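Student: Next comes input_35.tsv, TSV, N, CA and C atoms:
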chain	number	residue	atom	x	y	z
A	21	MET	N	21.35	-11.68	-9.90
A	21	MET	CA	21.63	-10.79	-8.79
A	21	MET	C	20.63	-11.08	-7.66
A	22	ALA	N	21.11	-11.14	-6.46
A	22	ALA	CA	20.26	-11.42	-5.29
A	22	ALA	C	19.37	-10.21	-5.00
A	23	ALA	N	18.20	-10.49	-4.47
A	23	ALA	CA	17.26	-9.42	-4.13
A	23	ALA	C	17.86	-8.54	-3.04
A	24	GLN	N	17.66	-7.23	-3.18
A	24	GLN	CA	18.17	-6.30	-2.19
A	24	GLN	C	17.11	-5.92	-1.17
A	25	PHE	N	15.84	-6.12	-1.51
A	25	PHE	CA	14.74	-5.76	-0.63
A	25	PHE	C	13.77	-6.92	-0.50
A	26	MET	N	13.05	-6.95	0.62
A	26	MET	CA	11.96	-7.90	0.79
A	26	MET	C	10.74	-7.12	1.26
A	27	ASP	N	9.58	-7.54	0.80
A	27	ASP	CA	8.36	-6.84	1.22
A	27	ASP	C	7.95	-7.33	2.60
A	28	VAL	N	6.87	-6.76	3.12
A	28	VAL	CA	6.43	-7.07	4.47
A	28	VAL	C	6.10	-8.56	4.63
A	29	ARG	N	5.43	-9.12	3.65
A	29	ARG	CA	5.06	-10.54	3.72
A	29	ARG	C	6.30	-11.42	3.74
A	30	GLU	N	7.26	-11.11	2.89
A	30	GLU	CA	8.51	-11.88	2.84
A	30	GLU	C	9.29	-11.74	4.15
A	31	ALA	N	9.32	-10.53	4.68
A	31	ALA	CA	10.02	-10.31	5.96
A	31	ALA	C	9.35	-11.11	7.07
A	32	ALA	N	8.03	-11.11	7.09
A	32	ALA	CA	7.30	-11.86	8.11
A	32	ALA	C	7.62	-13.35	8.01
A	33	GLU	N	7.60	-13.88	6.82
A	33	GLU	CA	7.92	-15.30	6.63
A	33	GLU	C	9.35	-15.59	7.07
A	34	TYR	N	10.27	-14.75	6.66
A	34	TYR	CA	11.68	-14.96	6.97
A	34	TYR	C	11.93	-14.92	8.48
A	35	LEU	N	11.24	-14.01	9.18
A	35	LEU	CA	11.41	-13.85	10.62
A	35	LEU	C	10.52	-14.79	11.42
A	36	ASN	N	9.66	-15.54	10.73
A	36	ASN	CA	8.70	-16.43	11.37
A	36	ASN	C	7.78	-15.66	12.33
A	37	MET	N	7.34	-14.51	11.85
A	37	MET	CA	6.43	-13.65	12.60
A	37	MET	C	5.23	-13.35	11.71
A	38	SER	N	4.22	-12.71	12.27
A	38	SER	CA	3.05	-12.35	11.48
A	38	SER	C	3.29	-11.04	10.73
A	39	VAL	N	2.50	-10.84	9.69
A	39	VAL	CA	2.57	-9.58	8.94
A	39	VAL	C	2.23	-8.42	9.87
A	40	GLN	N	1.25	-8.62	10.73
A	40	GLN	CA	0.86	-7.58	11.67
A	40	GLN	C	2.02	-7.22	12.59
A	41	TRP	N	2.78	-8.22	13.03
A	41	TRP	CA	3.94	-7.95	13.88
A	41	TRP	C	4.94	-7.08	13.15
A	42	VAL	N	5.20	-7.40	11.88
A	42	VAL	CA	6.18	-6.63	11.10
A	42	VAL	C	5.73	-5.17	11.00
A	43	TYR	N	4.47	-4.93	10.67
A	43	TYR	CA	3.98	-3.55	10.58
A	43	TYR	C	4.08	-2.83	11.93
A	44	ARG	N	3.70	-3.50	13.01
A	44	ARG	CA	3.60	-2.86	14.32
A	44	ARG	C	4.94	-2.78	15.05
A	45	GLU	N	5.70	-3.88	15.06
A	45	GLU	CA	6.86	-3.97	15.94
A	45	GLU	C	8.22	-3.78	15.27
A	46	ALA	N	8.33	-4.11	14.01
A	46	ALA	CA	9.65	-4.05	13.37
A	46	ALA	C	10.32	-2.68	13.52
A	47	PRO	N	9.63	-1.58	13.22
A	47	PRO	CA	10.29	-0.28	13.40
A	47	PRO	C	10.68	-0.01	14.86
A	48	ARG	N	9.87	-0.48	15.78
A	48	ARG	CA	10.13	-0.26	17.21
A	48	ARG	C	11.37	-1.02	17.68
A	49	VAL	N	11.62	-2.20	17.09
A	49	VAL	CA	12.76	-3.01	17.54
A	49	VAL	C	14.03	-2.76	16.72
A	50	GLY	N	13.96	-1.83	15.78
A	50	GLY	CA	15.16	-1.44	15.04
A	50	GLY	C	15.22	-1.84	13.59
A	51	LEU	N	14.15	-2.44	13.07
A	51	LEU	CA	14.10	-2.79	11.64
A	51	LEU	C	13.41	-1.64	10.91
A	52	ALA	N	14.18	-0.77	10.32
A	52	ALA	CA	13.63	0.42	9.67
A	52	ALA	C	13.09	0.07	8.28
A	53	PRO	N	11.82	0.36	8.03
A	53	PRO	CA	11.27	0.10	6.69
A	53	PRO	C	11.68	1.18	5.71
A	54	CYS	N	11.74	0.81	4.45
A	54	CYS	CA	11.94	1.75	3.36
A	54	CYS	C	10.60	1.92	2.67
A	55	ARG	N	10.21	3.15	2.41
A	55	ARG	CA	8.93	3.41	1.76
A	55	ARG	C	9.18	3.89	0.34
A	56	PHE	N	8.53	3.23	-0.61
A	56	PHE	CA	8.65	3.58	-2.02
A	56	PHE	C	7.28	4.00	-2.52
A	57	GLY	N	7.16	5.22	-3.04
A	57	GLY	CA	5.89	5.68	-3.59
A	57	GLY	C	5.24	6.74	-2.73
A	58	ALA	N	4.02	7.12	-3.15
A	58	ALA	CA	3.26	8.14	-2.45
A	58	ALA	C	2.90	7.67	-1.04
A	59	VAL	N	2.63	8.62	-0.17
A	59	VAL	CA	2.39	8.32	1.24
A	59	VAL	C	1.29	7.28	1.43
A	60	ARG	N	0.12	7.49	0.84
A	60	ARG	CA	-0.99	6.56	1.06
A	60	ARG	C	-0.78	5.22	0.35
A	61	ASN	N	-0.08	5.23	-0.76
A	61	ASN	CA	0.11	4.00	-1.53
A	61	ASN	C	1.56	3.53	-1.51
A	62	ALA	N	2.29	3.92	-0.48
A	62	ALA	CA	3.70	3.57	-0.39
A	62	ALA	C	3.87	2.06	-0.26
A	63	LYS	N	4.85	1.55	-0.96
A	63	LYS	CA	5.22	0.14	-0.85
A	63	LYS	C	6.31	0.06	0.22
A	64	ILE	N	6.05	-0.71	1.25
A	64	ILE	CA	6.99	-0.82	2.36
A	64	ILE	C	7.84	-2.07	2.15
A	65	GLN	N	9.16	-1.86	2.21
A	65	GLN	CA	10.09	-2.97	2.06
A	65	GLN	C	11.23	-2.80	3.06
A	66	PHE	N	11.95	-3.89	3.25
A	66	PHE	CA	13.09	-3.91	4.15
A	66	PHE	C	14.33	-4.35	3.37
A	67	LYS	N	15.47	-3.73	3.67
A	67	LYS	CA	16.72	-4.15	3.05
A	67	LYS	C	17.10	-5.52	3.62
A	68	VAL	N	17.37	-6.46	2.74
A	68	VAL	CA	17.72	-7.82	3.16
A	68	VAL	C	18.94	-7.79	4.07
A	69	SER	N	19.94	-7.00	3.73
A	69	SER	CA	21.15	-6.94	4.54
A	69	SER	C	20.86	-6.43	5.95
A	70	GLU	N	19.92	-5.50	6.10
A	70	GLU	CA	19.57	-4.99	7.42
A	70	GLU	C	18.78	-6.02	8.23
A	71	VAL	N	17.94	-6.79	7.57
A	71	VAL	CA	17.21	-7.86	8.26
A	71	VAL	C	18.21	-8.90	8.77
A	72	HIS	N	19.17	-9.27	7.93
A	72	HIS	CA	20.19	-10.25	8.35
A	72	HIS	C	21.01	-9.71	9.52
A	73	ALA	N	21.40	-8.44	9.47
A	73	ALA	CA	22.18	-7.83	10.54
A	73	ALA	C	21.37	-7.80	11.84
A	74	TRP	N	20.07	-7.48	11.75
A	74	TRP	CA	19.22	-7.44	12.93
A	74	TRP	C	19.11	-8.82	13.56
A	75	ILE	N	18.97	-9.85	12.73
A	75	ILE	CA	18.88	-11.22	13.24
A	75	ILE	C	20.16	-11.58	14.00
A	76	LYS	N	21.32	-11.22	13.46
A	76	LYS	CA	22.58	-11.52	14.14
A	76	LYS	C	22.66	-10.84	15.50
A	77	GLN	N	22.08	-9.65	15.61
A	77	GLN	CA	22.10	-8.92	16.88
A	77	GLN	C	21.21	-9.59	17.93
A	78	GLN	N	20.27	-10.42	17.50
A	78	GLN	CA	19.31	-11.04	18.41
A	78	GLN	C	19.83	-12.33	19.02
A	79	LYS	N	20.98	-12.80	18.57
A	79	LYS	CA	21.51	-14.05	19.10
A	79	LYS	C	21.80	-13.95	20.59
A	80	ILE	N	21.47	-15.02	21.29
A	80	ILE	CA	21.75	-15.09	22.73
A	80	ILE	C	22.97	-15.99	22.89
A	81	GLU	N	23.99	-15.46	23.49
A	81	GLU	CA	25.22	-16.22	23.71
A	81	GLU	C	25.01	-17.22	24.84
A	82	ALA	N	25.47	-18.44	24.62
A	82	ALA	CA	25.40	-19.47	25.67
A	82	ALA	C	26.41	-19.12	26.75
A	83	GLY	N	26.02	-19.28	27.96
A	83	GLY	CA	26.97	-18.90	28.99
A	83	GLY	C	26.75	-19.59	30.22
Before we go any further, please render this structure as structure tokens.

Tutor:
Amino acid sequence: MAAQFMDVREAAEYLNMSVQWVYREAPRVGLAPCRFGAVRNAKIQFKVSEVHAWIKQQKIEAG
């Protein structure tokens, strides 16, 4: 079964961005994180399908 979530490091690698960018900018640009666990020790992950959908929205059409 394919992974349904990716952690912050995996998301950063996939997007070719820094981990700091993912923490700071991803929620602002529409990539909503999922938090698993207690507030201070929450594991932050992103749904793979949402990351793929966000990437498709970023395409610039040639014109």

Student: Hey, which of A:His72, A:Lys79, A:Arg60, A:Arg44 ends up closest to Met26 of chain A? Count only C-alpha atoms.

Tutor: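 Among A:His72, A:Lys79, A:Arg60, A:Arg44, it is A:His72 that comes nearest to Met26 of chain A.
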
Student: Among the residues of chain A, find those DSSP assigns to strand (DSSP E) from the backbone and print them as a list in words.

Tutor: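 Listing strand (DSSP E) positions across chain A yields Phe25, Met26, Asp27, Cys54, Arg55, Phe56, Lys63, Ile64, Gln65, Phe66 and Lys67 of chain A.
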
Student: Go through A:Val49, A:Val28, A:Leu35, A:Ile80 one by one, measure the shortest atom-to-atom distance of each to Ile64 of chain A using all atoms listed in the file, and give the residue with the smallest value.

Tutor: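 Once distances to Ile64 of chain A are computed over all atoms listed in the file, the minimum belongs to A:Val28.
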
Student: How many Å lie between atom C of Cys54 of chain A and atom N of Asn36 of chain A, rounded to one decimal?

Tutor: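 The value is 19.3 Å.
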
Student: Is there a way to get, as a VMD selection string, all residues within 6.5 Å of the point (9.2, -0.6, 0.8) in file coordinates, counting only N, CA and C atoms?

Tutor: chain A and resid 27 53 to 56 62 to 66

Student: Keeping N, CA and C atoms for every residue in the selection just given, could you write it to a file as a PDB file, keeping the file's coordinate frame?

Tutor:
ATOM      1  N   ASP A  27       9.580  -7.540   0.800  1.00  0.00           N
ATOM      2  CA  ASP A  27       8.360  -6.840   1.220  1.00  0.00           C
ATOM      3  C   ASP A  27       7.950  -7.330   2.600  1.00  0.00           C
ATOM      4  N   PRO A  53      11.820   0.360   8.030  1.00  0.00           N
ATOM      5  CA  PRO A  53      11.270   0.100   6.690  1.00  0.00           C
ATOM      6  C   PRO A  53      11.680   1.180   5.710  1.00  0.00           C
ATOM      7  N   CYS A  54      11.740   0.810   4.450  1.00  0.00           N
ATOM      8  CA  CYS A  54      11.940   1.750   3.360  1.00  0.00           C
ATOM      9  C   CYS A  54      10.600   1.920   2.670  1.00  0.00           C
ATOM     10  N   ARG A  55      10.210   3.150   2.410  1.00  0.00           N
ATOM     11  CA  ARG A  55       8.930   3.410   1.760  1.00  0.00           C
ATOM     12  C   ARG A  55       9.180   3.890   0.340  1.00  0.00           C
ATOM     13  N   PHE A  56       8.530   3.230  -0.610  1.00  0.00           N
ATOM     14  CA  PHE A  56       8.650   3.580  -2.020  1.00  0.00           C
ATOM     15  C   PHE A  56       7.280   4.000  -2.520  1.00  0.00           C
ATOM     16  N   ALA A  62       2.290   3.920  -0.480  1.00  0.00           N
ATOM     17  CA  ALA A  62       3.700   3.570  -0.390  1.00  0.00           C
ATOM     18  C   ALA A  62       3.870   2.060  -0.260  1.00  0.00           C
ATOM     19  N   LYS A  63       4.850   1.550  -0.960  1.00  0.00           N
ATOM     20  CA  LYS A  63       5.220   0.140  -0.850  1.00  0.00           C
ATOM     21  C   LYS A  63       6.310   0.060   0.220  1.00  0.00           C
ATOM     22  N   ILE A  64       6.050  -0.710   1.250  1.00  0.00           N
ATOM     23  CA  ILE A  64       6.990  -0.820   2.360  1.00  0.00           C
ATOM     24  C   ILE A  64       7.840  -2.070   2.150  1.00  0.00           C
ATOM     25  N   GLN A  65       9.160  -1.860   2.210  1.00  0.00           N
ATOM     26  CA  GLN A  65      10.090  -2.970   2.060  1.00  0.00           C
ATOM     27  C   GLN A  65      11.230  -2.800   3.060  1.00  0.00           C
ATOM     28  N   PHE A  66      11.950  -3.890   3.250  1.00  0.00           N
ATOM     29  CA  PHE A  66      13.090  -3.910   4.150  1.00  0.00           C
ATOM     30  C   PHE A  66      14.330  -4.350   3.370  1.00  0.00           C
TER      31      PHE A  66
END

Student: What is the atom CA of Ala31 of chain A-atom CA of Ala82 of chain A distance in Å, reported with one decimal?

Tutor: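 Between atom CA of Ala31 of chain A and atom CA of Ala82 of chain A the gap works out to 26.6 Å.
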
Student: So what do you get for atom CA of Glu81 of chain A versus atom CA of Leu51 of chain A, distance-wise?

Tutor: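 Pair atom CA of Glu81 of chain A / atom CA of Leu51 of chain A returns 21.2 Å.
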
Student: Considering only helix (DSSP H, G or I) as DSSP defines it on the backbone, what residues of chain A qualify? List them as a list in words.

Tutor: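 The residues of chain A classed as helix (DSSP H, G or I) are Val28, Arg29, Glu30, Ala31, Ala32, Glu33, Tyr34, Leu35, Val39, Gln40, Trp41, Val42, Tyr43, Arg44, Glu45, Ala46, Pro47, Arg48, Val49, Val68, Ser69, Glu70, Val71, His72, Ala73, Trp74, Ile75, Lys76 and Gln77 of chain A.
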
Student: I'd like the box whose edges run along x, y and z of the file and which contains every listed atom of segment 39-49 of chain A, padded by 6 Å per side; could you state its centre and edge lengths in Å, one decimal, as JSON?

Tutor:
{"center_x": 7.4, "center_y": -5.4, "center_z": 13.3, "size_x": 25.2, "size_y": 22.8, "size_z": 20.7}

Student: Because the input lacks atoms here, generate all heavy atoms for segment 49-60 of chain A and report them as an mmCIF file, in the frame of the given file.

Tutor:
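So the final result, stored in out-v9.cif, reads:
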data_model
loop_
_atom_site.group_PDB
_atom_site.id
_atom_site.type_symbol
_atom_site.label_atom_id
_atom_site.label_comp_id
_atom_site.auth_asym_id
_atom_site.auth_seq_id
_atom_site.Cartn_x
_atom_site.Cartn_y
_atom_site.Cartn_z
ATOM 1 N N VAL A 49 11.620 -2.200 17.090
ATOM 2 C CA VAL A 49 12.760 -3.010 17.540
ATOM 3 C C VAL A 49 14.030 -2.760 16.720
ATOM 4 O O VAL A 49 15.042 -3.395 16.942
ATOM 5 C CB VAL A 49 12.429 -4.526 17.543
ATOM 6 C CG1 VAL A 49 11.311 -4.815 18.519
ATOM 7 C CG2 VAL A 49 12.124 -5.037 16.156
ATOM 8 N N GLY A 50 13.960 -1.830 15.780
ATOM 9 C CA GLY A 50 15.160 -1.440 15.040
ATOM 10 C C GLY A 50 15.220 -1.840 13.590
ATOM 11 O O GLY A 50 16.229 -1.629 12.942
ATOM 12 N N LEU A 51 14.150 -2.440 13.070
ATOM 13 C CA LEU A 51 14.100 -2.790 11.640
ATOM 14 C C LEU A 51 13.410 -1.640 10.910
ATOM 15 O O LEU A 51 12.191 -1.538 10.917
ATOM 16 C CB LEU A 51 13.327 -4.083 11.416
ATOM 17 C CG LEU A 51 14.109 -5.357 11.602
ATOM 18 C CD1 LEU A 51 13.185 -6.560 11.546
ATOM 19 C CD2 LEU A 51 15.182 -5.482 10.552
ATOM 20 N N ALA A 52 14.180 -0.770 10.320
ATOM 21 C CA ALA A 52 13.630 0.420 9.670
ATOM 22 C C ALA A 52 13.090 0.070 8.280
ATOM 23 O O ALA A 52 13.832 -0.444 7.443
ATOM 24 C CB ALA A 52 14.680 1.496 9.563
ATOM 25 N N PRO A 53 11.820 0.360 8.030
ATOM 26 C CA PRO A 53 11.270 0.100 6.690
ATOM 27 C C PRO A 53 11.680 1.180 5.710
ATOM 28 O O PRO A 53 11.946 2.321 6.087
ATOM 29 C CB PRO A 53 9.754 0.135 6.932
ATOM 30 C CG PRO A 53 9.583 1.048 8.096
ATOM 31 C CD PRO A 53 10.806 0.850 8.957
ATOM 32 N N CYS A 54 11.740 0.810 4.450
ATOM 33 C CA CYS A 54 11.940 1.750 3.360
ATOM 34 C C CYS A 54 10.600 1.920 2.670
ATOM 35 O O CYS A 54 9.913 0.940 2.408
ATOM 36 C CB CYS A 54 12.958 1.211 2.348
ATOM 37 S SG CYS A 54 14.582 0.921 3.046
ATOM 38 N N ARG A 55 10.210 3.150 2.410
ATOM 39 C CA ARG A 55 8.930 3.410 1.760
ATOM 40 C C ARG A 55 9.180 3.890 0.340
ATOM 41 O O ARG A 55 9.930 4.828 0.126
ATOM 42 C CB ARG A 55 8.146 4.450 2.524
ATOM 43 C CG ARG A 55 7.835 4.050 3.938
ATOM 44 C CD ARG A 55 6.948 5.066 4.635
ATOM 45 N NE ARG A 55 6.943 4.982 6.073
ATOM 46 C CZ ARG A 55 6.431 3.999 6.787
ATOM 47 N NH1 ARG A 55 5.906 2.985 6.201
ATOM 48 N NH2 ARG A 55 6.462 4.022 8.095
ATOM 49 N N PHE A 56 8.530 3.230 -0.610
ATOM 50 C CA PHE A 56 8.650 3.580 -2.020
ATOM 51 C C PHE A 56 7.280 4.000 -2.520
ATOM 52 O O PHE A 56 6.318 3.251 -2.418
ATOM 53 C CB PHE A 56 9.137 2.379 -2.835
ATOM 54 C CG PHE A 56 10.511 1.920 -2.448
ATOM 55 C CD1 PHE A 56 10.674 0.889 -1.537
ATOM 56 C CD2 PHE A 56 11.624 2.529 -2.968
ATOM 57 C CE1 PHE A 56 11.941 0.455 -1.172
ATOM 58 C CE2 PHE A 56 12.899 2.107 -2.611
ATOM 59 C CZ PHE A 56 13.055 1.073 -1.711
ATOM 60 N N GLY A 57 7.160 5.220 -3.040
ATOM 61 C CA GLY A 57 5.890 5.680 -3.590
ATOM 62 C C GLY A 57 5.240 6.740 -2.730
ATOM 63 O O GLY A 57 5.797 7.211 -1.739
ATOM 64 N N ALA A 58 4.020 7.120 -3.150
ATOM 65 C CA ALA A 58 3.260 8.140 -2.450
ATOM 66 C C ALA A 58 2.900 7.670 -1.040
ATOM 67 O O ALA A 58 2.850 6.472 -0.771
ATOM 68 C CB ALA A 58 1.997 8.468 -3.228
ATOM 69 N N VAL A 59 2.630 8.620 -0.170
ATOM 70 C CA VAL A 59 2.390 8.320 1.240
ATOM 71 C C VAL A 59 1.290 7.280 1.430
ATOM 72 O O VAL A 59 1.479 6.284 2.105
ATOM 73 C CB VAL A 59 2.050 9.615 2.015
ATOM 74 C CG1 VAL A 59 1.699 9.304 3.463
ATOM 75 C CG2 VAL A 59 3.218 10.575 1.960
ATOM 76 N N ARG A 60 0.120 7.490 0.840
ATOM 77 C CA ARG A 60 -0.990 6.560 1.060
ATOM 78 C C ARG A 60 -0.780 5.220 0.350
ATOM 79 O O ARG A 60 -1.286 4.207 0.791
ATOM 80 C CB ARG A 60 -2.305 7.179 0.597
ATOM 81 C CG ARG A 60 -2.749 8.303 1.514
ATOM 82 C CD ARG A 60 -4.175 8.696 1.254
ATOM 83 N NE ARG A 60 -5.102 7.588 1.311
ATOM 84 C CZ ARG A 60 -5.842 7.261 2.348
ATOM 85 N NH1 ARG A 60 -5.738 7.955 3.459
ATOM 86 N NH2 ARG A 60 -6.689 6.247 2.298
#
